[in-house]
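> File name run.pdb; file contents PDB, C-alpha atoms; full text below.
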ATOM      1  CA  MET A   1       0.000   0.000   0.000
ATOM      2  CA  ILE A   2       2.795   2.426   0.902
ATOM      3  CA  LYS A   3       4.629   1.613  -2.337
ATOM      4  CA  TYR A   4       1.432   2.358  -4.234
ATOM      5  CA  LEU A   5       1.073   5.777  -2.517
ATOM      6  CA  TYR A   6       4.718   6.649  -3.192
ATOM      7  CA  SER A   7       4.392   5.790  -6.865
ATOM      8  CA  LEU A   8       1.205   7.890  -7.102
ATOM      9  CA  LEU A   9       2.969  10.809  -5.421
ATOM     10  CA  VAL A  10       5.999  10.578  -7.721
ATOM     11  CA  GLY A  11       3.744  10.305 -10.774
ATOM     12  CA  ALA A  12       1.747  13.365  -9.724
ATOM     13  CA  LEU A  13       4.928  15.376  -9.200
ATOM     14  CA  VAL A  14       6.328  14.404 -12.599
ATOM     15  CA  LEU A  15       3.102  15.282 -14.421
ATOM     16  CA  ASN A  16       2.758  18.528 -12.487
ATOM     17  CA  SER A  17       6.295  19.679 -13.332
ATOM     18  CA  SER A  18       5.801  18.959 -17.039
ATOM     19  CA  ALA A  19       2.647  21.112 -16.992
ATOM     20  CA  PHE A  20       4.662  23.998 -15.528
ATOM     21  CA  ALA A  21       7.353  23.511 -18.169
ATOM     22  CA  GLU A  22       4.727  23.717 -20.913
ATOM     23  CA  THR A  23       3.376  26.988 -19.501
ATOM     24  CA  SER A  24       6.906  28.407 -19.382
ATOM     25  CA  ALA A  25       7.547  27.373 -22.995
ATOM     26  CA  GLU A  26       4.308  29.067 -24.090
ATOM     27  CA  HIS A  27       5.385  32.221 -22.245
ATOM     28  CA  ASN A  28       8.797  32.200 -23.962
ATOM     29  CA  THR A  29       7.147  31.766 -27.356
ATOM     30  CA  LEU A  30       4.897  34.759 -26.685
ATOM     31  CA  GLU A  31       7.910  36.885 -25.692
ATOM     32  CA  GLN A  32       9.744  35.844 -28.867
ATOM     33  CA  GLU A  33       6.739  36.741 -31.011
ATOM     34  CA  LEU A  34       6.459  40.158 -29.354
ATOM     35  CA  ALA A  35      10.180  40.786 -29.895
ATOM     36  CA  TYR A  36       9.797  39.808 -33.555
ATOM     37  CA  LEU A  37       6.848  42.161 -34.000
ATOM     38  CA  ALA A  38       8.786  45.006 -32.385
ATOM     39  CA  ALA A  39      11.751  44.360 -34.692
ATOM     40  CA  GLU A  40       9.416  44.211 -37.678
ATOM     41  CA  ARG A  41       8.354  47.818 -37.091
ATOM     42  CA  GLN A  42      11.932  49.157 -37.044
ATOM     43  CA  VAL A  43      12.835  51.103 -40.152
ATOM     44  CA  VAL A  44      16.509  51.465 -41.086
ATOM     45  CA  THR A  45      18.192  53.653 -43.670
ATOM     46  CA  THR A  46      21.832  52.586 -43.371
ATOM     47  CA  ALA A  47      21.622  49.297 -45.291
ATOM     48  CA  SER A  48      20.485  50.772 -48.624
ATOM     49  CA  LYS A  49      20.162  54.544 -48.034
ATOM     50  CA  ILE A  50      16.390  54.274 -48.379
ATOM     51  CA  PRO A  51      13.976  53.634 -45.502
ATOM     52  CA  GLU A  52      13.048  49.951 -45.233
ATOM     53  CA  HIS A  53      12.047  47.502 -42.522
ATOM     54  CA  VAL A  54      14.971  45.841 -40.761
ATOM     55  CA  ASP A  55      13.705  42.354 -41.607
ATOM     56  CA  LYS A  56      13.457  43.226 -45.319
ATOM     57  CA  THR A  57      17.056  44.425 -45.758
ATOM     58  CA  ILE A  58      19.437  42.315 -47.782
ATOM     59  CA  ALA A  59      22.405  43.210 -45.588
ATOM     60  CA  SER A  60      23.039  41.780 -42.135
ATOM     61  CA  THR A  61      21.677  44.659 -40.052
ATOM     62  CA  THR A  62      21.338  45.123 -36.299
ATOM     63  CA  VAL A  63      19.499  47.989 -34.622
ATOM     64  CA  ILE A  64      20.244  48.958 -31.031
ATOM     65  CA  THR A  65      17.619  51.267 -29.580
ATOM     66  CA  GLN A  66      17.796  53.854 -26.825
ATOM     67  CA  ASP A  67      15.976  51.432 -24.504
ATOM     68  CA  ASP A  68      18.599  48.732 -25.166
ATOM     69  CA  ILE A  69      21.380  51.201 -24.348
ATOM     70  CA  ALA A  70      19.704  52.255 -21.102
ATOM     71  CA  HIS A  71      18.981  48.628 -20.160
ATOM     72  CA  ILE A  72      22.644  47.548 -20.315
ATOM     73  CA  GLY A  73      23.940  50.725 -18.651
ATOM     74  CA  ALA A  74      26.375  51.548 -21.456
ATOM     75  CA  ARG A  75      28.937  54.221 -20.639
ATOM     76  CA  ASN A  76      30.450  54.643 -24.099
ATOM     77  CA  LEU A  77      29.914  53.586 -27.691
ATOM     78  CA  LEU A  78      32.087  50.484 -27.334
ATOM     79  CA  ASP A  79      29.739  49.170 -24.632
ATOM     80  CA  VAL A  80      26.868  49.644 -27.082
ATOM     81  CA  LEU A  81      28.697  47.888 -29.934
ATOM     82  CA  ARG A  82      29.379  44.857 -27.744
ATOM     83  CA  LEU A  83      25.664  44.011 -28.157
ATOM     84  CA  VAL A  84      26.057  43.467 -31.899
ATOM     85  CA  PRO A  85      26.665  39.870 -33.028
ATOM     86  CA  GLY A  86      29.909  39.565 -34.990
ATOM     87  CA  ILE A  87      31.433  42.762 -33.565
ATOM     88  CA  GLY A  88      34.336  42.581 -31.141
ATOM     89  CA  ILE A  89      36.444  45.197 -29.418
ATOM     90  CA  THR A  90      40.196  44.635 -29.198
ATOM     91  CA  GLN A  91      42.970  46.689 -27.678
ATOM     92  CA  THR A  92      46.585  46.929 -28.807
ATOM     93  CA  ASN A  93      49.635  46.969 -26.545
ATOM     94  CA  LEU A  94      49.614  50.769 -26.822
ATOM     95  CA  GLY A  95      46.037  50.983 -25.544
ATOM     96  CA  ILE A  96      44.472  51.780 -28.912
ATOM     97  CA  ARG A  97      41.000  50.266 -29.122
ATOM     98  CA  ARG A  98      39.671  49.055 -32.411
ATOM     99  CA  ILE A  99      36.592  47.404 -33.798
ATOM    100  CA  GLU A 100      36.830  43.849 -35.087
ATOM    101  CA  VAL A 101      34.116  42.657 -37.462
ATOM    102  CA  ARG A 102      33.541  38.928 -37.991
ATOM    103  CA  GLY A 103      37.065  38.183 -36.783
ATOM    104  CA  VAL A 104      38.790  40.696 -39.074
ATOM    105  CA  SER A 105      40.665  43.525 -37.409
ATOM    106  CA  THR A 106      42.539  46.425 -38.972
ATOM    107  CA  GLN A 107      45.124  48.723 -37.465
ATOM    108  CA  LEU A 108      42.945  51.743 -36.628
ATOM    109  CA  SER A 109      39.464  50.474 -37.545
ATOM    110  CA  GLU A 110      39.874  52.300 -40.835
ATOM    111  CA  LYS A 111      37.724  49.763 -42.684
ATOM    112  CA  VAL A 112      34.731  50.413 -40.436
ATOM    113  CA  GLN A 113      32.749  53.446 -41.570
ATOM    114  CA  MET A 114      31.363  55.474 -38.665
ATOM    115  CA  LEU A 115      28.455  57.768 -39.479
ATOM    116  CA  LEU A 116      26.794  60.345 -37.257
ATOM    117  CA  ASN A 117      23.244  60.912 -38.501
ATOM    118  CA  GLY A 118      24.353  59.673 -41.928
ATOM    119  CA  HIS A 119      27.473  61.862 -42.172
ATOM    120  CA  PRO A 120      30.950  60.245 -42.171
ATOM    121  CA  LEU A 121      33.152  60.786 -39.119
ATOM    122  CA  ASP A 122      36.497  59.599 -40.485
ATOM    123  CA  HIS A 123      39.278  62.148 -40.605
ATOM    124  CA  ASN A 124      41.010  60.874 -43.769
ATOM    125  CA  LEU A 125      44.301  61.552 -41.993
ATOM    126  CA  GLN A 126      46.409  58.524 -42.921
ATOM    127  CA  ASN A 127      43.102  56.832 -43.789
ATOM    128  CA  ALA A 128      42.439  56.334 -40.063
ATOM    129  CA  GLY A 129      39.106  55.463 -38.527
ATOM    130  CA  SER A 130      37.199  57.682 -36.142
ATOM    131  CA  THR A 131      38.366  56.270 -32.818
ATOM    132  CA  TRP A 132      37.684  59.529 -30.957
ATOM    133  CA  VAL A 133      33.943  58.861 -30.974
ATOM    134  CA  TYR A 134      34.307  55.769 -28.748
ATOM    135  CA  ASP A 135      34.604  57.810 -25.541
ATOM    136  CA  ASP A 136      33.651  61.355 -26.510
ATOM    137  CA  LEU A 137      30.112  60.779 -27.767
ATOM    138  CA  PRO A 138      27.661  60.731 -24.831
ATOM    139  CA  VAL A 139      25.452  57.654 -25.066
ATOM    140  CA  ASP A 140      22.575  59.576 -23.474
ATOM    141  CA  THR A 141      22.111  61.449 -26.751
ATOM    142  CA  ILE A 142      21.928  58.322 -28.926
ATOM    143  CA  LYS A 143      18.464  57.496 -30.259
ATOM    144  CA  ARG A 144      19.549  54.296 -32.018
ATOM    145  CA  VAL A 145      22.572  52.677 -33.633
ATOM    146  CA  GLU A 146      22.256  50.881 -36.965
ATOM    147  CA  VAL A 147      25.065  48.426 -37.719
ATOM    148  CA  VAL A 148      25.465  46.827 -41.140
ATOM    149  CA  ARG A 149      27.982  43.988 -41.033
ATOM    150  CA  GLY A 150      29.721  43.284 -44.310
ATOM    151  CA  PRO A 151      30.983  45.386 -47.177
ATOM    152  CA  GLY A 152      29.271  48.702 -47.766
ATOM    153  CA  SER A 153      31.851  50.243 -50.092
ATOM    154  CA  ALA A 154      29.422  50.596 -53.001
ATOM    155  CA  LEU A 155      27.224  52.927 -50.932
ATOM    156  CA  TYR A 156      29.639  54.546 -48.479
ATOM    157  CA  GLY A 157      33.110  54.465 -50.067
ATOM    158  CA  ALA A 158      36.431  52.757 -49.381
ATOM    159  CA  ASN A 159      36.346  53.036 -45.589
ATOM    160  CA  SER A 160      33.329  50.756 -45.253
ATOM    161  CA  PHE A 161      34.856  47.428 -46.230
ATOM    162  CA  LEU A 162      34.042  45.598 -42.970
ATOM    163  CA  ALA A 163      30.974  47.404 -41.608
ATOM    164  CA  VAL A 164      28.953  50.603 -41.506
ATOM    165  CA  ILE A 165      27.913  51.970 -38.116
ATOM    166  CA  ASN A 166      25.356  54.776 -38.199
ATOM    167  CA  ILE A 167      24.816  56.562 -34.878
ATOM    168  CA  ILE A 168      21.495  58.387 -34.930
ATOM    169  CA  THR A 169      21.175  60.987 -32.192
ATOM    170  CA  GLN A 170      18.107  62.556 -30.649
ATOM    171  CA  ASN A 171      16.779  65.722 -32.182
ATOM    172  CA  ALA A 172      15.224  68.665 -30.359
ATOM    173  CA  LYS A 173      11.732  67.128 -30.493
ATOM    174  CA  ASP A 174      12.968  63.995 -28.699
ATOM    175  CA  LEU A 175      14.339  65.918 -25.735
ATOM    176  CA  ASN A 176      11.858  66.942 -23.090
ATOM    177  CA  GLY A 177      13.411  69.948 -21.391
ATOM    178  CA  LEU A 178      16.957  70.043 -20.075
ATOM    179  CA  HIS A 179      19.088  66.919 -19.782
ATOM    180  CA  THR A 180      22.337  66.848 -17.818
ATOM    181  CA  SER A 181      24.640  64.093 -16.669
ATOM    182  CA  ALA A 182      27.855  63.810 -14.713
ATOM    183  CA  GLY A 183      30.463  61.144 -14.244
ATOM    184  CA  TRP A 184      33.473  60.439 -12.121
ATOM    185  CA  GLY A 185      36.532  58.268 -12.527
TER     186      GLY A 185
END
Any chance you could put this one into structure tokens?

Amino acid sequence: MIKYLYSLLVGALVLNSSAFAETSAEHNTLEQELAYLAAERQVVTTASKIPEHVDKTIASTTVITQDDIAHIGARNLLDVLRLVPGIGITQTNLGIRRIEVRGVSTQLSEKVQMLLNGHPLDHNLQNAGSTWVYDDLPVDTIKRVEVVRGPGSALYGANSFLAVINIITQNAKDLNGLHTSAGWG
């Protein structure tokens, strides 16, 4: 009799836990569908220079929104770019940071085109990339970052062999009053 009760108890526990697992799986599926619908509404201009939905672009495009930046607590642009699949940040022995795209790294990130609201940021001094923007651009002002991994030389010129990163900042309509920030260390 006791063996019978134990087997009933174990059976009930096993069936009960599988029911909870099914509910959790349904919840995850709903979250994935909502994330897909949110991504479907995002319109990008960096991939082809015309507005199109991010899921309709031919290029491998990632959009990082202002909410994503606030959620991870990014302090500089490199923290933001660490969210992008296929993008890595390396540092030389001299402390120079550079962007690595899909495992390919160049000396001064000169093959990664950085755009600010669609305008190039490279200095064309020794064909160097725009490494100054990594620390000097406040992430609080960024509305979204569009990253196109892969060659973009046909649209953006020679400096966009590995990737194109378009930083889109907030305009006056996006700001509600005065915004200040301070940092230490």
> Once the PyMOL selection byres ((chain A and resi 65) around 8) has been applied to the shown file, what residues remain in the selection, as a PyMOL selection string?
chain A and resi 63-64+66-69+143-145
> Tell me, as a PyMOL selection string, which residues lie within 6 Å of segment 80-87 of chain A, counting only C-alpha atoms; anything in the same chain fewer than 3 positions away does not count.
chain A and resi 74+77+100-102
> Using only C-alpha atoms, which of A:Asn76, A:Ser153, A:Asn159, A:Thr141 sits nearest Thr106 of chain A?
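Closest candidate: A:Asn159.
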> Just how far from atom CA of Gln170 of chain A is atom CA of Tyr156 of chain A, in Å to one decimal?
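A separation of 22.7 Å between them.
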> To verify the selection step, state as a list in words which residues the PyMOL selection byres ((chain A and resi 163) around 6) yields on this input.
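In the shown coordinates, the PyMOL selection byres ((chain A and resi 163) around 6) covers Val112, Val148, Arg149, Gly150, Pro151, Ser160, Leu162 and Val164 of chain A.
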> Calculated over all atoms listed in the file, which of the candidates A:Ser105, A:Pro138, A:Glu52, A:Thr45 has the smallest distance to Leu78 of chain A?
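Looking at the shortest contact to Leu78 of chain A, the residue is A:Pro138.
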> Please indicate the distance in Å from atom CA of Ala172 of chain A to atom CA of Asp135 of chain A, rounded to one decimal place.
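So the two atoms, atom CA of Ala172 of chain A and atom CA of Asp135 of chain A, lie 22.7 Å apart.
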> Let me have the centre and edge lengths of the axis-aligned box enclosing all listed atoms of segment 44-51 of chain A with 4 Å padding on every side, in Å to one decimal, as lines of an AutoDock Vina configuration file.

center_x = 17.9
center_y = 51.9
center_z = -44.9
size_x = 15.9
size_y = 13.2
size_z = 15.5
> Tell me, as a VMD selection string, which residues lie within 12 Å of Leu94 of chain A, counting only C-alpha atoms; anything in the same chain fewer than 3 positions away does not count.
chain A and resid 90 to 91 97 to 98 107 to 108
> For a cutoff of 12 Å around the file-coordinate point (26.4, 62.3, -37.3), which residues qualify once you count only C-alpha atoms? I'd like the result as a list in words.
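Within the cut-off we find Gln113, Met114, Leu115, Leu116, Asn117, Gly118, His119, Pro120, Leu121, Asp122, Ser130, Val133, Leu137, Thr141, Ile142, Lys143, Arg144, Val145, Ile165, Asn166, Ile167, Ile168, Thr169, Gln170 and Asn171 of chain A.
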> What does the distance from atom CA of Leu155 of chain A to atom CA of Ala59 of chain A come to in Å, to one decimal?
12.1 Å
> Report as a PDB file with C-alpha atoms, keeping the file's coordinate frame the full result of the PyMOL selection byres ((chain A and resi 44) around 8) when it is applied to this structure.

ATOM      1  CA  GLN A  42      11.932  49.157 -37.044  1.00  0.00           C
ATOM      2  CA  VAL A  43      12.835  51.103 -40.152  1.00  0.00           C
ATOM      3  CA  THR A  45      18.192  53.653 -43.670  1.00  0.00           C
ATOM      4  CA  THR A  46      21.832  52.586 -43.371  1.00  0.00           C
ATOM      5  CA  ALA A  47      21.622  49.297 -45.291  1.00  0.00           C
ATOM      6  CA  ILE A  50      16.390  54.274 -48.379  1.00  0.00           C
ATOM      7  CA  PRO A  51      13.976  53.634 -45.502  1.00  0.00           C
ATOM      8  CA  GLU A  52      13.048  49.951 -45.233  1.00  0.00           C
ATOM      9  CA  HIS A  53      12.047  47.502 -42.522  1.00  0.00           C
ATOM     10  CA  VAL A  54      14.971  45.841 -40.761  1.00  0.00           C
ATOM     11  CA  VAL A  63      19.499  47.989 -34.622  1.00  0.00           C
ATOM     12  CA  GLU A 146      22.256  50.881 -36.965  1.00  0.00           C
TER      13      GLU A 146
END
> Ranking A:Val104, A:Val147, A:Ile2, A:Ile96 by minimum distance to Ser60 of chain A and counting only C-alpha atoms, which one comes first?
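With only C-alpha atoms as the atom set, the closest residue is A:Val147.
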> For segment 136-159 of chain A, supply N, CA and C atoms and report the output as a short mmCIF file (atom, residue, chain, number, x, y, z; two decimals), in the coordinates of the input.

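Dumped everything to rebuild02.cif:
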data_model
loop_
_atom_site.label_atom_id
_atom_site.label_comp_id
_atom_site.auth_asym_id
_atom_site.auth_seq_id
_atom_site.Cartn_x
_atom_site.Cartn_y
_atom_site.Cartn_z
N ASP A 136 34.09 59.96 -26.56
CA ASP A 136 33.65 61.36 -26.51
C ASP A 136 32.18 61.57 -26.83
N LEU A 137 31.53 60.62 -27.44
CA LEU A 137 30.11 60.78 -27.77
C LEU A 137 29.27 60.30 -26.59
N PRO A 138 28.49 61.17 -25.97
CA PRO A 138 27.66 60.73 -24.83
C PRO A 138 26.55 59.79 -25.30
N VAL A 139 26.46 58.64 -24.65
CA VAL A 139 25.45 57.65 -25.07
C VAL A 139 24.04 58.09 -24.70
N ASP A 140 23.91 59.07 -23.83
CA ASP A 140 22.58 59.58 -23.47
C ASP A 140 21.89 60.26 -24.65
N THR A 141 22.68 60.74 -25.61
CA THR A 141 22.11 61.45 -26.75
C THR A 141 21.79 60.53 -27.93
N ILE A 142 22.14 59.25 -27.82
CA ILE A 142 21.93 58.32 -28.93
C ILE A 142 20.48 57.84 -28.94
N LYS A 143 19.83 57.99 -30.08
CA LYS A 143 18.46 57.50 -30.26
C LYS A 143 18.49 56.02 -30.67
N ARG A 144 19.35 55.69 -31.62
CA ARG A 144 19.55 54.30 -32.02
C ARG A 144 20.86 54.19 -32.80
N VAL A 145 21.36 52.97 -32.88
CA VAL A 145 22.57 52.68 -33.63
C VAL A 145 22.22 51.59 -34.63
N GLU A 146 22.49 51.86 -35.91
CA GLU A 146 22.26 50.88 -36.97
C GLU A 146 23.62 50.35 -37.41
N VAL A 147 23.80 49.05 -37.35
CA VAL A 147 25.06 48.43 -37.72
C VAL A 147 24.82 47.47 -38.88
N VAL A 148 25.53 47.71 -39.98
CA VAL A 148 25.46 46.83 -41.14
C VAL A 148 26.80 46.10 -41.22
N ARG A 149 26.77 44.79 -40.97
CA ARG A 149 27.98 43.99 -41.03
C ARG A 149 28.19 43.51 -42.46
N GLY A 150 29.40 43.68 -42.95
CA GLY A 150 29.72 43.28 -44.31
C GLY A 150 30.08 44.50 -45.13
N PRO A 151 30.51 44.28 -46.35
CA PRO A 151 30.98 45.39 -47.18
C PRO A 151 29.87 46.37 -47.53
N GLY A 152 30.19 47.64 -47.39
CA GLY A 152 29.27 48.70 -47.77
C GLY A 152 29.96 49.73 -48.64
N SER A 153 31.05 49.31 -49.31
CA SER A 153 31.85 50.24 -50.09
C SER A 153 31.10 50.82 -51.27
N ALA A 154 30.16 50.08 -51.85
CA ALA A 154 29.42 50.60 -53.00
C ALA A 154 28.56 51.79 -52.62
N LEU A 155 28.07 51.82 -51.38
CA LEU A 155 27.22 52.93 -50.93
C LEU A 155 28.00 54.00 -50.18
N TYR A 156 29.01 53.61 -49.40
CA TYR A 156 29.64 54.55 -48.48
C TYR A 156 31.12 54.79 -48.73
N GLY A 157 31.72 54.19 -49.74
CA GLY A 157 33.11 54.46 -50.07
C GLY A 157 34.08 53.44 -49.49
N ALA A 158 35.37 53.72 -49.68
CA ALA A 158 36.43 52.76 -49.38
C ALA A 158 36.55 52.41 -47.91
N ASN A 159 36.16 53.29 -47.02
CA ASN A 159 36.35 53.04 -45.59
C ASN A 159 35.27 52.15 -44.99
#
